[in-house]
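**Student:** File upload.csv follows (CSV, C-alpha atoms and all ligand atoms):
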chain,number,residue,atom,x,y,z
Y,1,MET,CA,11.2,-57.7,8.8
Y,2,ASP,CA,9.8,-57.0,12.3
Y,3,SER,CA,6.7,-59.2,12.4
Y,4,THR,CA,7.7,-60.2,15.9
Y,5,TRP,CA,6.7,-56.7,17.2
Y,6,GLN,CA,3.0,-56.0,17.1
Y,7,HIS,CA,1.1,-52.7,17.7
Y,8,THR,CA,-2.3,-52.7,19.5
Y,9,THR,CA,-4.2,-49.8,18.0
Y,10,VAL,CA,-5.6,-47.3,20.6
Y,11,LEU,CA,-9.1,-45.9,20.3
Y,12,LEU,CA,-9.6,-47.9,17.1
Y,13,ASN,CA,-13.4,-47.7,16.7
Y,14,GLU,CA,-13.7,-44.3,18.3
Y,15,ALA,CA,-11.2,-42.7,16.1
Y,16,VAL,CA,-12.5,-44.2,12.8
Y,17,ALA,CA,-16.1,-43.4,13.8
Y,18,ALA,CA,-15.1,-39.7,14.4
Y,19,LEU,CA,-13.1,-39.5,11.2
Y,20,LEU,CA,-15.2,-41.1,8.6
Y,21,THR,CA,-18.3,-39.4,7.5
Y,22,LYS,CA,-18.4,-40.0,3.7
Y,23,PRO,CA,-17.4,-43.5,2.4
Y,24,ASP,CA,-16.7,-42.1,-1.1
Y,25,ALA,CA,-14.2,-39.4,0.0
Y,26,THR,CA,-10.4,-39.3,0.5
Y,27,TYR,CA,-8.9,-39.6,4.0
Y,28,VAL,CA,-5.4,-39.3,5.5
Y,29,ASP,CA,-3.9,-41.6,8.1
Y,30,ALA,CA,-0.8,-39.4,8.9
Y,31,THR,CA,0.7,-42.1,11.3
Y,32,PHE,CA,0.3,-45.5,9.6
Y,33,GLY,CA,2.3,-47.5,12.2
Y,34,ARG,CA,1.2,-51.0,11.7
Y,35,GLY,CA,-2.0,-49.9,9.9
Y,36,GLY,CA,-4.6,-50.7,12.6
Y,37,HIS,CA,-6.6,-47.5,11.9
Y,38,SER,CA,-5.9,-47.7,8.2
Y,39,ARG,CA,-7.4,-51.2,7.9
Y,40,LEU,CA,-10.6,-50.2,9.6
Y,41,ILE,CA,-10.9,-47.0,7.5
Y,42,LEU,CA,-10.5,-49.1,4.3
Y,43,ALA,CA,-13.1,-51.6,5.5
Y,44,LYS,CA,-15.5,-48.7,5.8
Y,45,LEU,CA,-14.7,-46.9,2.6
Y,46,SER,CA,-16.6,-47.5,-0.6
Y,47,GLU,CA,-14.8,-48.5,-3.8
Y,48,ARG,CA,-14.5,-44.8,-4.7
Y,49,GLY,CA,-13.0,-43.9,-1.4
Y,50,ARG,CA,-9.3,-43.3,-1.0
Y,51,LEU,CA,-6.8,-43.5,1.9
Y,52,ILE,CA,-3.4,-41.7,1.8
Y,53,ALA,CA,-1.1,-42.7,4.6
Y,54,PHE,CA,2.2,-41.2,5.9
Y,55,ASP,CA,4.9,-42.5,8.2
Y,56,LYS,CA,8.5,-41.6,8.9
Y,57,ASP,CA,9.6,-45.1,9.9
Y,58,PRO,CA,11.0,-47.4,7.2
Y,59,ASP,CA,9.6,-50.4,9.1
Y,60,ALA,CA,6.1,-48.9,9.0
Y,61,ILE,CA,6.5,-48.3,5.3
Y,62,ALA,CA,7.6,-52.0,4.8
Y,63,ALA,CA,4.4,-53.1,6.7
Y,64,ALA,CA,2.3,-50.7,4.5
Y,65,SER,CA,3.7,-52.1,1.3
Y,66,ARG,CA,2.1,-55.5,2.2
Y,67,LEU,CA,-1.3,-53.8,2.3
Y,68,ALA,CA,-2.4,-54.5,-1.3
Y,69,ASP,CA,-5.5,-52.3,-1.8
Y,70,PRO,CA,-5.8,-50.1,-4.9
Y,71,ARG,CA,-7.6,-47.4,-2.8
Y,72,PHE,CA,-4.5,-47.1,-0.5
Y,73,SER,CA,-1.2,-45.3,-0.9
Y,74,ILE,CA,1.7,-44.7,1.5
Y,75,ARG,CA,4.3,-41.9,1.7
Y,76,HIS,CA,7.6,-42.2,3.5
Y,77,ALA,CA,7.5,-38.7,4.9
Y,78,GLY,CA,7.0,-36.7,8.1
Y,79,PHE,CA,3.4,-35.5,8.5
Y,80,ARG,CA,4.5,-31.9,8.2
Y,81,HIS,CA,4.4,-32.8,4.5
Y,82,LEU,CA,0.6,-32.9,4.6
Y,83,ASP,CA,0.8,-29.5,3.1
Y,84,GLU,CA,1.8,-31.1,-0.2
Y,85,LEU,CA,-1.8,-32.4,-0.7
Y,86,PRO,CA,-4.1,-30.2,-2.6
Y,87,ALA,CA,-6.2,-27.6,-0.7
Y,88,ALA,CA,-9.6,-28.8,0.5
Y,89,SER,CA,-9.0,-32.3,-1.0
Y,90,VAL,CA,-9.6,-34.6,2.0
Y,91,ALA,CA,-12.6,-35.4,4.3
Y,92,GLY,CA,-10.6,-36.4,7.3
Y,93,VAL,CA,-7.1,-36.3,8.8
Y,94,LEU,CA,-6.1,-38.7,11.6
Y,95,LEU,CA,-2.9,-38.3,13.7
Y,96,ASP,CA,-2.2,-41.1,16.2
Y,97,LEU,CA,0.9,-39.5,17.7
Y,98,GLY,CA,4.0,-40.8,19.4
Y,99,VAL,CA,5.8,-44.1,19.0
Y,100,SER,CA,4.4,-47.5,18.0
Y,101,SER,CA,4.9,-50.6,20.1
Y,102,PRO,CA,7.3,-52.1,17.6
Y,103,GLN,CA,9.5,-49.0,17.9
Y,104,ILE,CA,9.6,-49.3,21.7
Y,105,ASP,CA,9.9,-53.1,21.9
Y,106,ASN,CA,12.7,-53.6,19.3
Y,107,PRO,CA,15.9,-52.9,21.3
Y,108,ALA,CA,17.7,-52.1,18.0
Y,109,ARG,CA,15.7,-48.9,17.7
Y,110,GLY,CA,17.1,-47.5,20.9
Y,111,PHE,CA,13.8,-46.0,22.3
Y,112,SER,CA,13.7,-48.1,25.5
Y,113,PHE,CA,15.5,-47.9,28.8
Y,114,ARG,CA,14.2,-51.3,29.7
Y,115,SER,CA,16.3,-53.2,27.2
Y,116,ASP,CA,19.8,-52.4,25.9
Y,117,GLY,CA,20.4,-51.2,22.4
Y,118,PRO,CA,22.1,-48.5,20.4
Y,119,LEU,CA,21.2,-45.0,21.6
Y,120,ASP,CA,19.3,-44.0,18.4
Y,121,MET,CA,15.6,-43.0,18.9
Y,122,ARG,CA,15.1,-41.8,15.4
Y,123,MET,CA,11.7,-42.6,13.9
Y,124,ASP,CA,13.2,-42.2,10.4
Y,125,THR,CA,16.4,-44.2,10.5
Y,126,THR,CA,17.3,-43.1,7.0
Y,127,ARG,CA,18.2,-39.5,7.9
Y,128,GLY,CA,19.1,-37.2,10.7
Y,129,GLU,CA,21.2,-37.5,13.9
Y,130,SER,CA,20.8,-40.2,16.5
Y,131,VAL,CA,20.5,-39.3,20.2
Y,132,ALA,CA,24.1,-40.7,20.7
Y,133,GLN,CA,25.5,-38.5,17.9
Y,134,TRP,CA,23.7,-35.4,19.4
Y,135,LEU,CA,24.7,-36.1,23.0
Y,136,ALA,CA,28.3,-36.6,21.8
Y,137,ALA,CA,28.7,-32.9,20.9
Y,138,ALA,CA,25.8,-30.8,22.4
Y,139,PRO,CA,26.7,-28.2,25.1
Y,140,ALA,CA,25.5,-29.0,28.6
Y,141,ALA,CA,23.2,-26.0,28.7
Y,142,GLN,CA,21.4,-27.2,25.6
Y,143,ILE,CA,21.1,-30.8,26.9
Y,144,ALA,CA,19.6,-29.5,30.1
Y,145,GLU,CA,17.1,-27.3,28.3
Y,146,VAL,CA,15.9,-30.2,26.2
Y,147,ILE,CA,15.5,-32.5,29.2
Y,148,ARG,CA,13.8,-29.8,31.2
Y,149,ASP,CA,11.4,-28.6,28.5
Y,150,TYR,CA,10.4,-31.9,26.8
Y,151,GLY,CA,10.7,-34.2,29.9
Y,152,GLU,CA,9.6,-31.7,32.6
Y,153,GLU,CA,12.5,-33.2,34.5
Y,154,ARG,CA,13.5,-31.4,37.7
Y,155,PHE,CA,17.0,-32.9,37.6
Y,156,ALA,CA,17.7,-31.8,34.0
Y,157,ALA,CA,20.9,-29.8,34.9
Y,158,PRO,CA,22.6,-32.6,37.0
Y,159,ILE,CA,21.7,-35.1,34.2
Y,160,ALA,CA,23.2,-32.9,31.5
Y,161,LYS,CA,26.3,-32.3,33.7
Y,162,ALA,CA,26.7,-36.1,34.2
Y,163,ILE,CA,26.4,-36.7,30.4
Y,164,VAL,CA,29.1,-34.2,29.6
Y,165,ALA,CA,31.4,-35.4,32.4
Y,166,ARG,CA,31.1,-39.0,31.3
Y,167,ARG,CA,31.8,-38.0,27.6
Y,168,GLN,CA,35.0,-36.1,28.7
Y,169,GLU,CA,36.2,-39.0,30.9
Y,170,ARG,CA,35.3,-42.1,29.0
Y,171,GLY,CA,34.0,-41.1,25.6
Y,172,ALA,CA,30.4,-40.5,24.4
Y,173,LEU,CA,27.4,-42.6,25.5
Y,174,ALA,CA,26.6,-45.3,22.9
Y,175,THR,CA,23.8,-47.4,24.4
Y,176,THR,CA,20.4,-47.0,26.1
Y,177,ALA,CA,21.6,-48.9,29.2
Y,178,GLU,CA,24.6,-46.6,29.6
Y,179,LEU,CA,22.3,-43.5,29.5
Y,180,ALA,CA,19.6,-45.1,31.8
Y,181,GLN,CA,22.3,-45.9,34.4
Y,182,LEU,CA,23.8,-42.5,34.2
Y,183,VAL,CA,20.4,-40.8,34.6
Y,184,ALA,CA,19.6,-43.1,37.6
Y,185,GLY,CA,22.7,-41.8,39.3
Y,186,ALA,CA,21.8,-38.1,38.7
Y,187,VAL,CA,18.1,-38.3,39.7
Y,188,LYS,CA,17.9,-37.8,43.4
Y,189,THR,CA,14.2,-38.3,44.2
Y,190,ARG,CA,12.4,-41.2,42.5
Y,191,GLU,CA,8.8,-40.9,41.5
Y,192,PRO,CA,6.8,-43.9,42.7
Y,193,GLY,CA,6.2,-46.5,39.9
Y,194,GLN,CA,8.4,-44.6,37.4
Y,195,ASP,CA,11.8,-45.5,36.2
Y,196,PRO,CA,14.2,-42.5,36.8
Y,197,ALA,CA,15.1,-42.5,33.1
Y,198,THR,CA,11.4,-42.1,31.8
Y,199,ARG,CA,11.4,-38.3,31.6
Y,200,THR,CA,14.9,-38.1,30.0
Y,201,PHE,CA,14.2,-40.7,27.4
Y,202,GLN,CA,10.8,-39.0,26.5
Y,203,ALA,CA,12.6,-35.6,26.2
Y,204,LEU,CA,15.4,-36.8,23.9
Y,205,ARG,CA,12.9,-38.7,21.7
Y,206,ILE,CA,10.7,-35.6,21.3
Y,207,PHE,CA,13.7,-33.5,20.5
Y,208,ILE,CA,15.6,-35.8,18.1
Y,209,ASN,CA,12.4,-36.3,16.1
Y,210,ALA,CA,11.3,-32.6,16.2
Y,211,GLU,CA,7.9,-34.0,17.3
Y,212,LEU,CA,6.3,-30.9,18.6
Y,213,GLU,CA,7.3,-28.7,15.7
Y,214,GLU,CA,6.1,-31.2,13.3
Y,215,LEU,CA,2.8,-31.6,15.1
Y,216,GLN,CA,2.3,-27.8,14.9
Y,217,GLN,CA,3.0,-27.8,11.2
Y,218,ALA,CA,0.7,-30.8,10.5
Y,219,LEU,CA,-2.2,-29.1,12.4
Y,220,GLU,CA,-1.7,-25.9,10.3
Y,221,ALA,CA,-1.5,-28.0,7.1
Y,222,SER,CA,-4.7,-29.9,8.0
Y,223,LEU,CA,-6.7,-26.6,7.9
Y,224,ASP,CA,-5.8,-26.2,4.3
Y,225,ILE,CA,-6.3,-29.7,3.1
Y,226,LEU,CA,-9.6,-30.4,4.9
Y,227,GLN,CA,-12.8,-29.9,3.0
Y,228,PRO,CA,-15.7,-28.1,4.8
Y,229,GLN,CA,-17.2,-30.6,7.4
Y,230,GLY,CA,-13.9,-32.6,7.2
Y,231,ARG,CA,-12.7,-34.0,10.5
Y,232,LEU,CA,-9.5,-33.6,12.3
Y,233,VAL,CA,-8.9,-36.4,14.8
Y,234,VAL,CA,-5.8,-36.3,17.0
Y,235,ILE,CA,-4.8,-38.9,19.6
Y,236,SER,CA,-2.0,-37.7,21.9
Y,237,PHE,CA,-0.1,-39.5,24.7
Y,238,HIS,CA,1.4,-36.8,26.8
Y,239,SER,CA,0.5,-33.3,28.1
Y,240,LEU,CA,3.0,-31.4,25.8
Y,241,GLU,CA,1.3,-32.9,22.7
Y,242,ASP,CA,-2.2,-32.5,24.0
Y,243,ARG,CA,-1.7,-28.9,25.0
Y,244,ILE,CA,-0.6,-28.0,21.5
Y,245,VAL,CA,-3.7,-29.8,20.0
Y,246,LYS,CA,-6.1,-28.3,22.5
Y,247,GLN,CA,-4.8,-24.7,22.0
Y,248,PHE,CA,-4.8,-25.1,18.2
Y,249,ILE,CA,-8.4,-26.2,18.2
Y,250,ALA,CA,-9.4,-23.5,20.7
Y,251,ARG,CA,-7.6,-20.8,18.7
Y,252,HIS,CA,-9.4,-21.7,15.5
Y,253,SER,CA,-12.8,-22.2,17.0
Y,254,ARG,CA,-13.1,-18.6,18.0
Y,255,GLU,CA,-14.3,-15.7,16.0
Y,256,VAL,CA,-11.4,-13.2,15.8
Y,257,PHE,CA,-12.2,-9.5,16.2
Y,258,ASP,CA,-9.8,-6.9,14.9
Y,259,ARG,CA,-9.5,-4.4,17.7
Y,260,ARG,CA,-8.2,-1.7,15.3
Y,261,VAL,CA,-11.5,-2.0,13.3
Y,262,PRO,CA,-14.2,-2.1,16.0
Y,263,PHE,CA,-17.3,-2.4,13.7
Y,264,ALA,CA,-15.8,-4.8,11.2
Y,265,PRO,CA,-17.3,-8.3,11.1
Y,266,PRO,CA,-15.1,-10.9,13.0
Y,267,LYS,CA,-12.9,-13.3,11.0
Y,268,ALA,CA,-14.9,-16.5,10.9
Y,269,MET,CA,-13.7,-19.6,12.8
Y,270,LYS,CA,-12.1,-22.4,10.9
Y,271,LEU,CA,-12.8,-25.3,13.2
Y,272,LYS,CA,-15.7,-26.4,15.4
Y,273,ALA,CA,-14.5,-28.3,18.5
Y,274,MET,CA,-16.4,-31.6,18.8
Y,275,GLU,CA,-15.3,-34.1,21.4
Y,276,ARG,CA,-12.6,-35.2,23.7
Y,277,VAL,CA,-12.4,-39.0,24.3
Y,278,LYS,CA,-10.4,-41.2,26.6
Y,279,PRO,CA,-10.0,-45.0,26.4
Y,280,SER,CA,-12.5,-47.0,28.3
Y,281,ALA,CA,-11.4,-48.8,31.5
Y,282,ALA,CA,-11.7,-52.1,29.5
Y,283,GLU,CA,-9.3,-50.8,26.8
Y,284,VAL,CA,-6.8,-49.6,29.4
Y,285,ALA,CA,-7.0,-53.0,31.1
Y,286,ALA,CA,-6.4,-54.8,27.8
Y,287,ASN,CA,-3.7,-52.4,26.6
Y,288,PRO,CA,-2.0,-50.5,29.4
Y,289,ARG,CA,-0.1,-48.4,26.8
Y,290,SER,CA,-3.4,-46.7,26.0
Y,291,ARG,CA,-3.8,-45.2,29.5
Y,292,SER,CA,-2.5,-41.8,28.8
Y,293,ALA,CA,-4.3,-41.4,25.4
Y,294,ILE,CA,-6.6,-38.4,24.8
Y,295,MET,CA,-8.4,-38.0,21.5
Y,296,ARG,CA,-9.6,-34.6,20.3
Y,297,VAL,CA,-11.9,-34.1,17.4
Y,298,ALA,CA,-12.7,-31.0,15.4
Y,299,GLU,CA,-14.7,-30.2,12.3
Y,300,ARG,CA,-13.5,-27.9,9.5
Y,301,THR,CA,-16.0,-25.1,8.9
Y,302,GLN,CA,-16.8,-23.3,5.6
Y,303,ALA,CA,-14.4,-20.4,6.4
J,401,LIG,C1,1.2,-44.6,17.7
J,401,LIG,S1,1.9,-45.1,16.2
J,401,LIG,C2,0.5,-45.3,15.1
J,401,LIG,C3,-0.2,-46.6,15.1
J,401,LIG,C4,-1.3,-46.8,14.1
J,401,LIG,N1,-2.4,-45.9,14.3
J,401,LIG,C5,-1.7,-48.2,14.1
J,401,LIG,O1,-2.9,-48.4,14.4
J,401,LIG,O2,-1.0,-49.1,13.8
J,401,LIG,C6,2.7,-43.7,15.6
J,401,LIG,C7,3.3,-43.8,14.3
J,401,LIG,O3,3.5,-42.5,13.8
J,401,LIG,C8,4.8,-42.4,13.2
J,401,LIG,N2,5.2,-41.0,13.3
J,401,LIG,C9,5.4,-40.3,14.5
J,401,LIG,N3,5.7,-39.0,14.2
J,401,LIG,C10,5.6,-38.9,12.8
J,401,LIG,C11,5.8,-37.8,11.9
J,401,LIG,N4,6.1,-36.6,12.4
J,401,LIG,N5,5.5,-38.0,10.6
J,401,LIG,C12,5.1,-39.2,10.2
J,401,LIG,N6,5.0,-40.3,11.0
J,401,LIG,C13,5.2,-40.1,12.3
J,401,LIG,C14,5.7,-43.3,14.0
J,401,LIG,O4,6.8,-43.7,13.2
J,401,LIG,C15,4.7,-44.5,14.3
J,401,LIG,O5,4.8,-45.5,13.3
Could you render the structure from this file as structure tokens?
**Tutor:**
Amino acid sequence: MDSTWQHTTVLLNEAVAALLTKPDATYVDATFGRGGHSRLILAKLSERGRLIAFDKDPDAIAAASRLADPRFSIRHAGFRHLDELPAASVAGVLLDLGVSSPQIDNPARGFSFRSDGPLDMRMDTTRGESVAQWLAAAPAAQIAEVIRDYGEERFAAPIAKAIVARRQERGALATTAELAQLVAGAVKTREPGQDPATRTFQALRIFINAELEELQQALEASLDILQPQGRLVVISFHSLEDRIVKQFIARHSREVFDRRVPFAPPKAMKLKAMERVKPSAAEVAANPRSRSAIMRVAERTQA
């Protein structure tokens, strides 16, 4: 298995402190990864506490199967399946979004433009289409839309055109190096300190894993499964994710008035926004991958 590739947990103490309020209760780690947060949660739970973890990635599931603790269980599923847990059954939900270091660092997973590997990028390698398969048939307009919307890439249209031209001339792209090289040729202005392929790889990864749709579904599900005073803790790594989390918390932390019924009492808010935390300078220095992290915390109300 992939013991060569390690993951340094981001905001470890901060996330667990915000999540865990009752040591006897049940918690969810919706993104097990290599279990950094899960291990600390288990260390703080009492014998009666429980931790249910999720991950899409078979390598994460293999790592979790080595965690022998009767209070712990793992599900190989996307976190949109949080809605399968009983209503008001958990005291905290943690989402530490995005990719783990083992996913990026293992060239065979195809997430990285820094090392060559098959152009895959699926978190769940047991199902769905790889990026190579999708790019082999998708229309140029759709490729451009994905790269523009999820990568905020100015050169989305020329990149998409170059992908389709290459596929017509020499067959579909198969490796990360082929894609990175092609993107570098289509991106005319380079951003300082950033590889020209950064935005395109981010976009394709978000798209192929339906990351933003699944995040939205998981947030909605968390409202149902959290008990009153239960905590929602979300760590995101780019502005598209953080915007969804921020707007979700804002939307549910407002009393909603029905304009058609002016004197009716407002619908009660379901969340109370609590805090927004960024990694300390010391954490960023020790783990540069933490630099873009933003953690948001909200508490479920009685409503
Ligand atoms: C940043 S890592 C989590 C690291 C973990 N907190 C730790 O300390 O080891 C994100 C993990 O979430 C998983 N993941 C991402 N999107 C997911 C989804 N929609 N459903 C389930 N797991 C997901 C990835 O496979 C990856 O293992």
**Student:** At what distance in Å, to one decimal, does atom N6 of ligand LIG 401 (chain J) lie from CA of Ala60 (chain Y)?
**Tutor:**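 Separation of CA of Ala60 (chain Y) and atom N6 of ligand LIG 401 (chain J): 8.9 Å.
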**Student:** Could you please extract the residues within 6 Å of ligand LIG 401 (chain J), counting all atoms listed in the file, and hand them back as a list in words?
**Tutor:**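 Residues lying within 6 Å of ligand LIG 401 (chain J): His7, Thr9, Thr31, Phe32, Gly33, Arg34, Gly35, Gly36, His37, Phe54, Asp55, Lys56, Asp57, Ala60, Ala77, Gly78, Phe79, Asp96, Leu97, Gly98, Val99, Ser100, Met123, Glu211 and Glu214 of chain Y.
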**Student:** With distances taken over only C-alpha atoms, which of Y:Ser280, Y:Thr175, Y:Ser46, Y:Gln202 is nearest to Arg109 (chain Y)?
**Tutor:** Y:Thr175
**Student:** May I ask which of the residues Y:Gly171, Y:Gly49, Y:Pro102, Y:Pro196 is the closest one to Ala136 (chain Y), counting all atoms listed in the file?
**Tutor:** Y:Gly171
**Student:** Near Arg296 (chain Y), counting all atoms listed in the file, which residues have an atom at most 9 Å away, once you skip same-chain residues fewer than 3 positions from it, shown as a PDB file with C-alpha atoms, keeping the file's coordinate frame?
**Tutor:**
ATOM      1  CA  LEU Y 232      -9.500 -33.600  12.300  1.00  0.00           C
ATOM      2  CA  VAL Y 233      -8.900 -36.400  14.800  1.00  0.00           C
ATOM      3  CA  VAL Y 234      -5.800 -36.300  17.000  1.00  0.00           C
ATOM      4  CA  ILE Y 235      -4.800 -38.900  19.600  1.00  0.00           C
ATOM      5  CA  SER Y 236      -2.000 -37.700  21.900  1.00  0.00           C
ATOM      6  CA  ASP Y 242      -2.200 -32.500  24.000  1.00  0.00           C
ATOM      7  CA  VAL Y 245      -3.700 -29.800  20.000  1.00  0.00           C
ATOM      8  CA  LYS Y 246      -6.100 -28.300  22.500  1.00  0.00           C
ATOM      9  CA  ILE Y 249      -8.400 -26.200  18.200  1.00  0.00           C
ATOM     10  CA  ALA Y 273     -14.500 -28.300  18.500  1.00  0.00           C
ATOM     11  CA  MET Y 274     -16.400 -31.600  18.800  1.00  0.00           C
ATOM     12  CA  GLU Y 275     -15.300 -34.100  21.400  1.00  0.00           C
ATOM     13  CA  ARG Y 276     -12.600 -35.200  23.700  1.00  0.00           C
ATOM     14  CA  VAL Y 277     -12.400 -39.000  24.300  1.00  0.00           C
TER      15      VAL Y 277
END
**Student:** Looking at Y:Leu119, Y:Leu82, Y:Leu95, Y:Val146, which one is nearest to Asp224 (chain Y), with distances taken over all atoms listed in the file?
**Tutor:**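 Ranked by minimum distance to Asp224 (chain Y), first place goes to Y:Leu82.
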**Student:** Could you give me region 51-65 of chain Y completed to N, CA, C and O atoms, formatted as a JSON list (two decimals), in the coordinates of the input?
**Tutor:**
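What ended up in result_0.json:
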[["chain", "number", "residue", "atom", "x", "y", "z"],
["Y", 51, "LEU", "N", -7.52, -43.70, 0.63],
["Y", 51, "LEU", "CA", -6.80, -43.50, 1.90],
["Y", 51, "LEU", "C", -5.32, -43.21, 1.55],
["Y", 51, "LEU", "O", -4.66, -44.03, 0.90],
["Y", 52, "ILE", "N", -4.83, -42.05, 1.98],
["Y", 52, "ILE", "CA", -3.40, -41.70, 1.80],
["Y", 52, "ILE", "C", -2.78, -41.77, 3.19],
["Y", 52, "ILE", "O", -3.26, -41.11, 4.11],
["Y", 53, "ALA", "N", -1.72, -42.59, 3.33],
["Y", 53, "ALA", "CA", -1.10, -42.70, 4.60],
["Y", 53, "ALA", "C", 0.34, -42.14, 4.59],
["Y", 53, "ALA", "O", 0.95, -42.07, 3.51],
["Y", 54, "PHE", "N", 0.81, -41.73, 5.77],
["Y", 54, "PHE", "CA", 2.20, -41.20, 5.90],
["Y", 54, "PHE", "C", 2.82, -41.99, 7.09],
["Y", 54, "PHE", "O", 2.15, -42.36, 8.05],
["Y", 55, "ASP", "N", 4.11, -42.19, 7.05],
["Y", 55, "ASP", "CA", 4.90, -42.50, 8.20],
["Y", 55, "ASP", "C", 6.34, -42.22, 7.96],
["Y", 55, "ASP", "O", 6.81, -42.30, 6.83],
["Y", 56, "LYS", "N", 7.07, -41.90, 9.04],
["Y", 56, "LYS", "CA", 8.50, -41.60, 8.90],
["Y", 56, "LYS", "C", 9.35, -42.83, 8.97],
["Y", 56, "LYS", "O", 10.51, -42.80, 8.61],
["Y", 57, "ASP", "N", 8.77, -43.90, 9.53],
["Y", 57, "ASP", "CA", 9.60, -45.10, 9.90],
["Y", 57, "ASP", "C", 9.65, -46.07, 8.76],
["Y", 57, "ASP", "O", 8.61, -46.53, 8.27],
["Y", 58, "PRO", "N", 10.86, -46.44, 8.33],
["Y", 58, "PRO", "CA", 11.00, -47.40, 7.20],
["Y", 58, "PRO", "C", 10.31, -48.75, 7.52],
["Y", 58, "PRO", "O", 9.80, -49.40, 6.61],
["Y", 59, "ASP", "N", 10.27, -49.16, 8.81],
["Y", 59, "ASP", "CA", 9.60, -50.40, 9.10],
["Y", 59, "ASP", "C", 8.08, -50.31, 8.93],
["Y", 59, "ASP", "O", 7.42, -51.27, 8.51],
["Y", 60, "ALA", "N", 7.53, -49.15, 9.24],
["Y", 60, "ALA", "CA", 6.10, -48.90, 9.00],
["Y", 60, "ALA", "C", 5.81, -48.92, 7.49],
["Y", 60, "ALA", "O", 4.80, -49.46, 7.04],
["Y", 61, "ILE", "N", 6.73, -48.35, 6.73],
["Y", 61, "ILE", "CA", 6.50, -48.30, 5.30],
["Y", 61, "ILE", "C", 6.59, -49.73, 4.70],
["Y", 61, "ILE", "O", 5.79, -50.09, 3.83],
["Y", 62, "ALA", "N", 7.49, -50.56, 5.24],
["Y", 62, "ALA", "CA", 7.60, -52.00, 4.80],
["Y", 62, "ALA", "C", 6.26, -52.69, 5.11],
["Y", 62, "ALA", "O", 5.73, -53.44, 4.28],
["Y", 63, "ALA", "N", 5.71, -52.42, 6.30],
["Y", 63, "ALA", "CA", 4.40, -53.10, 6.70],
["Y", 63, "ALA", "C", 3.33, -52.57, 5.73],
["Y", 63, "ALA", "O", 2.48, -53.36, 5.30],
["Y", 64, "ALA", "N", 3.34, -51.30, 5.40],
["Y", 64, "ALA", "CA", 2.30, -50.70, 4.50],
["Y", 64, "ALA", "C", 2.38, -51.30, 3.11],
["Y", 64, "ALA", "O", 1.35, -51.45, 2.43],
["Y", 65, "SER", "N", 3.60, -51.64, 2.69],
["Y", 65, "SER", "CA", 3.70, -52.10, 1.30],
["Y", 65, "SER", "C", 3.08, -53.52, 1.17],
["Y", 65, "SER", "O", 2.82, -53.97, 0.07]]
